[in-house]
Amino acid sequence: MTDVILETRGLRKAFGALQATDDVSIALRPGEIHAIIGPNGAGKSTLIGQICGSLAPDSGQVFLAGQDVTGKDTAQRAQAGLGRTFQISQLAMEDTVMQNVLLGALGKSAAPWRFFGAVLNDKALRKSAMAALERVGLADEQARVTAELSHGQRRQLEVAVALTLQPKAFVMDEPMAGLGAEGSARLTKLLDGLRHEAPILLVEHDMDAVFALADRISVLVSGQIIATGTVDEIRTDTRVREAYLGDEA
């Protein structure tokens with residue numbers, strides 16, 4: 001069994017003369033939260049796109065649990081066990097909380113294109129969906145329309161949707177974005193408890209959350225990883241302080 005769950009090897013992606021990612025290699029290990037940080041324009045969104053399948057790399061490979069998934073699209077990677085949350089919410093706001101989670105559970109099932117009306121009454125799918133809602137603390141909100149949820153609750157719901165895929169690894173794109181101190185603290189506690197269910201690759205600007213959660217941090221600047229290490233190692237790295245952290249270290 002591999003000791004690396006999610007891995008990139010030498011990912012490169014250029015847009016014209018702009019080298020968005022340049023030989024990016026990252027490894028996510030069992031039970032850990034590995035944070036990716038860096039300034040705006042560093043290439044974080046491009047890297048996530050390559051990892052999750054929405055962008056094809058110019059060169060390099062992506063592995064999930066030892067399987068080369070470089071040629072697989074986003075849906076195929078989700079089926080293979082890659083759970084993703086987004087910087088900008090992808091939830092169906094007009095649907096209920098339960099309906100959103102059922103859609104995630106349906107994507108993991110063997111027959112994903114059944115009529116949704118039948119899905120609502122599928123006992124196995126509802127059990128999976130309810131377990132995910134209980135895990136994130138939203139079981140009591142299952143009948144609410146998603147648009148009525150607070151921003152923080154929507155973030156929790158996105159995690160629940162990802163959980164229904166029974167992921168081998170999570171990729172989370174700025175889950176703290178738009179949250180106040182209370183919401184960030186709640187979500188930080190939730191993510192901290194998830195790492196042993198599936199390790200998390202966390203792209204985040206909230207450095208308080210990063211320092212509280214990360215086992216390791218990789219710093220992306222101008223498309224290149226300039227440092228990888230523990231929180232203490234990254235905080236004291238002169239290159240990182242100059243390129244990104246500054247006084248936040």
# chains A, B, ... in the order shown; residues from 1 in each chain; ligands from 1
>>> residues_around(residues="A:Ala169", least_positions_apart="5", cutoff="6 Å", atoms="only C-alpha atoms", output="VMD selection string")
chain A and resid 82 198 to 200
>>> select_by_dssp(residues="stretch 54-176 of chain A", states="alpha helix (DSSP H)", output="PyMOL selection string")
chain A and resi 74-80+97-108+116-119+123-136+151-163
>>> residues_around(residues="A:Ala129", least_positions_apart="6", cutoff="8 Å", atoms="only C-alpha atoms", output="compact mmCIF listing (two decimals) with N, CA, C and O atoms, in the first residue's frame")
# COMPACT_ATOMS: atom_id res chain seq x y z
N MET A 98 -30.63 18.43 1.95
CA MET A 98 -30.61 16.99 1.66
C MET A 98 -30.46 16.72 0.17
O MET A 98 -29.71 15.82 -0.23
N VAL A 101 -26.86 17.04 -0.94
CA VAL A 101 -26.01 15.94 -0.51
C VAL A 101 -26.35 14.66 -1.26
O VAL A 101 -25.47 13.87 -1.60
N LEU A 102 -27.64 14.46 -1.57
CA LEU A 102 -28.03 13.29 -2.34
C LEU A 102 -27.41 13.29 -3.73
O LEU A 102 -27.06 12.24 -4.26
N ALA A 105 -24.04 11.87 -3.26
CA ALA A 105 -24.12 10.42 -3.04
C ALA A 105 -24.46 9.70 -4.33
O ALA A 105 -23.96 8.60 -4.60
N ALA A 160 -19.92 18.16 3.37
CA ALA A 160 -20.81 16.99 3.42
C ALA A 160 -20.98 16.37 2.04
O ALA A 160 -20.96 15.14 1.89
N VAL A 161 -21.15 17.20 1.02
CA VAL A 161 -21.27 16.70 -0.35
C VAL A 161 -20.01 15.92 -0.73
O VAL A 161 -20.07 14.82 -1.29
N THR A 164 -19.78 12.35 0.81
CA THR A 164 -20.59 11.27 0.23
C THR A 164 -19.82 10.50 -0.84
O THR A 164 -20.20 9.38 -1.19
>>> atom_distance(atom1="atom CA of A:Asp68", atom2="atom CA of A:Cys52")
12.5 Å
>>> select_by_dssp(residues="stretch 63-232 of chain A", states="strand (DSSP E)", output="list of chain:residue names")
A:Phe63, A:Leu64, A:Gln67, A:Asp68, A:Leu82, A:Gly83, A:Arg84, A:Thr85, A:Ala169, A:Phe170, A:Val171, A:Met172, A:Asp173, A:Ile200, A:Leu201, A:Leu202, A:Val203, A:Arg216, A:Ile217, A:Ser218, A:Val219, A:Leu220, A:Val221, A:Gln224, A:Ile225, A:Ile226, A:Ala227, A:Thr228, A:Gly229
>>> residues_around(residues="stretch 233-245 of chain A", least_positions_apart="4", cutoff="9 Å", atoms="only C-alpha atoms", output="count of residues only")
14
>>> atom_distance(atom1="atom CA of A:Gln90", atom2="atom CA of A:Thr146")
11.3 Å
>>> residues_around(residues="A:Pro57", least_positions_apart="4", cutoff="7 Å", atoms="only C-alpha atoms", output="list in words")
Leu11, Arg12, Lys13 and Gln50 of chain A
>>> atom_distance(atom1="atom CA of A:Ala214", atom2="atom CA of A:Glu197")
15.6 Å
